[in-house]
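Chemist: First, the structure itself, so that you have it in front of you.
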Amino acid sequence: SGVLAALEEDADRTLQRLQGRFALAVWDSGRRLLAVYTDKFASLPVYVSDNELGFAFSTSIRALQRLSGRESQVNRAGLAQFFTFGHLWNDDTFDASIRAAWSGTVTRFHVDRNASEVETYWRPSPSQTRLSQQESLRGLTEQLCHSVREQSTSTGKLGIALSGGLDARTMLAMVDTDSVRPQCVSLGMKGSLDQRSSRRLAELAGCPFHSLVLGDGFLERFREHLTRMVQLTDGHYLDQCIVMPTFPLYQSLGITAL
């Protein structure tokens, strides 16, 4: 309700200030106008179908396909992108009649005119001042530290998928462990370097550590994990499915944000 009130008061300013992951749909009954917003990186999937059958949106491609009631047509461009690069570009999906909402945009559908339009409310802008490499790195580090600490301290039941890798241990180092103690979860082969390194990192940070050993059972259930991943993402996410066995552990630990 707070976001809705802020959008009504000053939509442009509110959209610039909103941070993090979000997808919003706002219906204006007076103007008979539907507005669908994505965050600045489109980190939550939003799909749109706009054709002679009308306008529809969903977080699931399958829902839009069922709504149309007709056979899907393969988007060959999207298919080529996926198998070449491992993901899709722009607003392409596997379905020629469905597009992905772009990052930092608002898609408006005017019911009375039966017309839609897309407006970009945010895009990254280059700095107007020339910075040295050292100044650029310092500024980037400060922004990253601020973002990690702001997000982690405002999120309850936090977890970190911890390995010995650079990205995971950097995130852990930036979390203010005096204020929040995330649950550290490591998955890998028994006795692996990842397992040993992540355990030591959790100890240094003073955070609880949990180990999930990948044994023969993971490979035996690989097809099951792969099928589930396809179901969850409508086939639009390419992954080795190594994360699928971790979900029950996250749930048992009460982790709601990873």
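Residue numbering restarts at 1 in every chain; chains get A, B, ... in the order shown in the structure tokens, and ligands count up from 1 in that same order.
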Counting only C-alpha atoms, what is within 6 Å of stretch 103-119 of chain A, bar same-chain residues fewer than 6 positions away, as a PyMOL selection string?
Modeler: chain A and resi 32-42
Chemist: Can you tell me, as a CSV table (one decimal) with all heavy atoms, in the first residue's frame, what residues are no more than 12 Å from A:Asp216 when counting only C-alpha atoms, ignoring any on the same chain fewer than 4 positions away?
Modeler:
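Saved result, result_23.csv, follows:
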chain,number,residue,atom,x,y,z
A,188,GLY,N,28.7,-30.0,-2.0
A,188,GLY,CA,29.8,-30.5,-2.8
A,188,GLY,C,30.1,-31.9,-2.4
A,188,GLY,O,29.5,-32.5,-1.6
A,189,MET,N,31.2,-32.4,-3.0
A,189,MET,CA,31.6,-33.8,-2.7
A,189,MET,C,32.2,-33.9,-1.3
A,189,MET,O,32.8,-32.9,-0.8
A,189,MET,CB,32.6,-34.3,-3.8
A,189,MET,CG,32.1,-34.2,-5.2
A,189,MET,SD,30.6,-35.1,-5.5
A,189,MET,CE,31.1,-36.8,-5.3
A,190,LYS,N,32.1,-35.0,-0.7
A,190,LYS,CA,32.7,-35.2,0.7
A,190,LYS,C,34.2,-34.9,0.7
A,190,LYS,O,34.9,-35.5,-0.1
A,190,LYS,CB,32.4,-36.6,1.2
A,190,LYS,CG,32.8,-36.8,2.6
A,190,LYS,CD,32.4,-38.2,3.1
A,190,LYS,CE,32.8,-38.4,4.5
A,190,LYS,NZ,32.4,-39.8,5.0
A,220,GLU,N,21.7,-40.1,-9.6
A,220,GLU,CA,20.6,-41.0,-9.9
A,220,GLU,C,19.3,-40.2,-10.1
A,220,GLU,O,18.4,-40.7,-10.8
A,220,GLU,CB,20.5,-41.9,-8.7
A,220,GLU,CG,21.6,-42.9,-8.5
A,220,GLU,CD,21.5,-43.8,-7.3
A,220,GLU,OE1,20.5,-43.5,-6.5
A,220,GLU,OE2,22.3,-44.7,-7.1
A,221,ARG,N,19.2,-39.0,-9.5
A,221,ARG,CA,18.0,-38.3,-9.6
A,221,ARG,C,18.1,-37.1,-10.5
A,221,ARG,O,17.3,-36.1,-10.5
A,221,ARG,CB,17.6,-37.8,-8.2
A,221,ARG,CG,17.3,-38.9,-7.2
A,221,ARG,CD,16.9,-38.3,-5.8
A,221,ARG,NE,15.7,-37.5,-5.9
A,221,ARG,CZ,15.3,-36.6,-4.9
A,221,ARG,NH1,16.1,-36.5,-3.8
A,221,ARG,NH2,14.2,-35.9,-5.1
A,222,PHE,N,19.2,-37.1,-11.3
A,222,PHE,CA,19.4,-35.9,-12.2
A,222,PHE,C,18.3,-35.6,-13.1
A,222,PHE,O,17.9,-34.5,-13.3
A,222,PHE,CB,20.7,-36.2,-13.0
A,222,PHE,CG,21.1,-35.0,-13.8
A,222,PHE,CD1,21.8,-33.9,-13.3
A,222,PHE,CD2,20.8,-34.9,-15.2
A,222,PHE,CE1,22.2,-32.8,-14.0
A,222,PHE,CE2,21.1,-33.8,-15.9
A,222,PHE,CZ,21.9,-32.8,-15.3
Chemist: With a distance cut-off of 10 Å and only C-alpha atoms, select the neighbouring residues of A:Gly86, excluding the residue or stretch itself and same-chain residues fewer than 2 positions from it, and output the selection as a list in words.
Modeler: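 Using only C-alpha atoms, the neighbours found are Leu79, Ala80, Gln81, Phe82, Phe83, Thr84, Leu88, Trp89, His236, Tyr237, Leu238 and Asp239 of chain A.
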Chemist: Taking the DSSP secondary structure from the backbone, can you list the residues of stretch 83-176 of chain A that are strand (DSSP E), as JSON, numbers by chain?
Modeler: {"A": [99, 100, 105, 106, 107, 108, 109, 110, 115, 116, 117, 118, 119, 120, 159, 160, 161]}
Chemist: Check the smallest atom-to-atom distance from each of A:Ser136, A:Ser43, A:Thr177, A:Ser49 to A:Leu67 using only C-alpha atoms, then report the winner.
Modeler: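 Among the listed residues, the smallest separation from A:Leu67 belongs to A:Ser49.
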Chemist: For a test of reading the model, state the distance in Å between atom CA of A:Ala96 and atom CA of A:Gly78, rounded to one decimal.
Modeler: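 So the two atoms, atom CA of A:Ala96 and atom CA of A:Gly78, lie 8.5 Å apart.
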Chemist: Show me, as a short mmCIF file (atom, residue, chain, number, x, y, z; two decimals) with N, CA and C atoms, in the first residue's frame, the residues that have an atom within 7 Å of A:Ala101 when counting only C-alpha atoms, minus same-chain residues fewer than 6 positions from it.
Modeler:
data_model
loop_
_atom_site.label_atom_id
_atom_site.label_comp_id
_atom_site.auth_asym_id
_atom_site.auth_seq_id
_atom_site.Cartn_x
_atom_site.Cartn_y
_atom_site.Cartn_z
N VAL A 46 8.52 -11.52 -15.85
CA VAL A 46 7.18 -11.05 -16.20
C VAL A 46 7.02 -11.23 -17.70
N TYR A 47 5.98 -11.94 -18.11
CA TYR A 47 5.74 -12.22 -19.53
C TYR A 47 4.43 -11.58 -19.96
N VAL A 48 4.42 -11.11 -21.21
CA VAL A 48 3.29 -10.37 -21.74
C VAL A 48 2.84 -10.98 -23.06
N ASP A 91 13.57 -9.30 -25.48
CA ASP A 91 12.28 -9.75 -24.95
C ASP A 91 11.86 -11.09 -25.54
#
Chemist: A:Asp50, A:Glu150, A:Glu142, A:Asp10: which is nearest A:Ser97, counting only C-alpha atoms?
Modeler: A:Asp50
Chemist: I'd like the neighbourhood of A:Leu158 as a VMD selection string, where a residue qualifies if any of its atoms comes within 12 Å (using only C-alpha atoms), though same-chain residues fewer than 5 positions away should be ignored.
Modeler: chain A and resid 148 to 149 151 to 153 172 175 177 179 to 185 207 to 208 250 to 251 253 to 258
Chemist: Excluding A:Ser60 and any residue of its chain fewer than 3 positions from it, enumerate the residues within 10 Å of it, using only C-alpha atoms, and give them as a VMD selection string.
Modeler: chain A and resid 45 to 48 57 63 to 65 231 to 234
Chemist: Selected residues, N, CA and C atoms, written as an mmCIF file, in the first residue's frame, please.
Modeler:
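To be explicit, this is the file written out as result22.cif:
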data_model
loop_
_atom_site.group_PDB
_atom_site.id
_atom_site.type_symbol
_atom_site.label_atom_id
_atom_site.label_comp_id
_atom_site.auth_asym_id
_atom_site.auth_seq_id
_atom_site.Cartn_x
_atom_site.Cartn_y
_atom_site.Cartn_z
ATOM 1 N N PRO A 45 10.717 -12.674 -13.347
ATOM 2 C CA PRO A 45 10.178 -12.832 -14.698
ATOM 3 C C PRO A 45 8.753 -12.297 -14.824
ATOM 4 N N VAL A 46 8.518 -11.519 -15.855
ATOM 5 C CA VAL A 46 7.178 -11.050 -16.202
ATOM 6 C C VAL A 46 7.016 -11.229 -17.704
ATOM 7 N N TYR A 47 5.976 -11.939 -18.108
ATOM 8 C CA TYR A 47 5.742 -12.223 -19.525
ATOM 9 C C TYR A 47 4.428 -11.575 -19.962
ATOM 10 N N VAL A 48 4.425 -11.113 -21.214
ATOM 11 C CA VAL A 48 3.286 -10.373 -21.741
ATOM 12 C C VAL A 48 2.844 -10.984 -23.065
ATOM 13 N N PHE A 57 -0.796 -10.772 -18.868
ATOM 14 C CA PHE A 57 0.558 -10.849 -18.318
ATOM 15 C C PHE A 57 0.571 -11.894 -17.218
ATOM 16 N N ALA A 63 1.035 -20.273 -18.184
ATOM 17 C CA ALA A 63 -0.284 -19.701 -17.889
ATOM 18 C C ALA A 63 -0.814 -18.914 -19.078
ATOM 19 N N LEU A 64 0.055 -18.166 -19.737
ATOM 20 C CA LEU A 64 -0.371 -17.393 -20.910
ATOM 21 C C LEU A 64 -0.727 -18.311 -22.072
ATOM 22 N N GLN A 65 0.026 -19.396 -22.213
ATOM 23 C CA GLN A 65 -0.283 -20.344 -23.292
ATOM 24 C C GLN A 65 -1.644 -20.996 -23.079
ATOM 25 N N GLN A 231 10.025 -27.326 -15.261
ATOM 26 C CA GLN A 231 8.680 -26.964 -14.817
ATOM 27 C C GLN A 231 8.665 -25.608 -14.116
ATOM 28 N N LEU A 232 9.669 -25.351 -13.289
ATOM 29 C CA LEU A 232 9.712 -24.106 -12.522
ATOM 30 C C LEU A 232 9.962 -22.895 -13.394
ATOM 31 N N THR A 233 10.684 -23.066 -14.497
ATOM 32 C CA THR A 233 11.097 -21.923 -15.318
ATOM 33 C C THR A 233 10.514 -21.953 -16.719
ATOM 34 N N ASP A 234 9.550 -22.830 -16.951
ATOM 35 C CA ASP A 234 8.988 -22.994 -18.296
ATOM 36 C C ASP A 234 10.080 -23.281 -19.322
#
Chemist: Calculate how many Å separate atom CA of A:Arg70 from atom CA of A:Leu53, rounding to one decimal.
Modeler: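 Computing it gives 10.7 Å between the two atoms.
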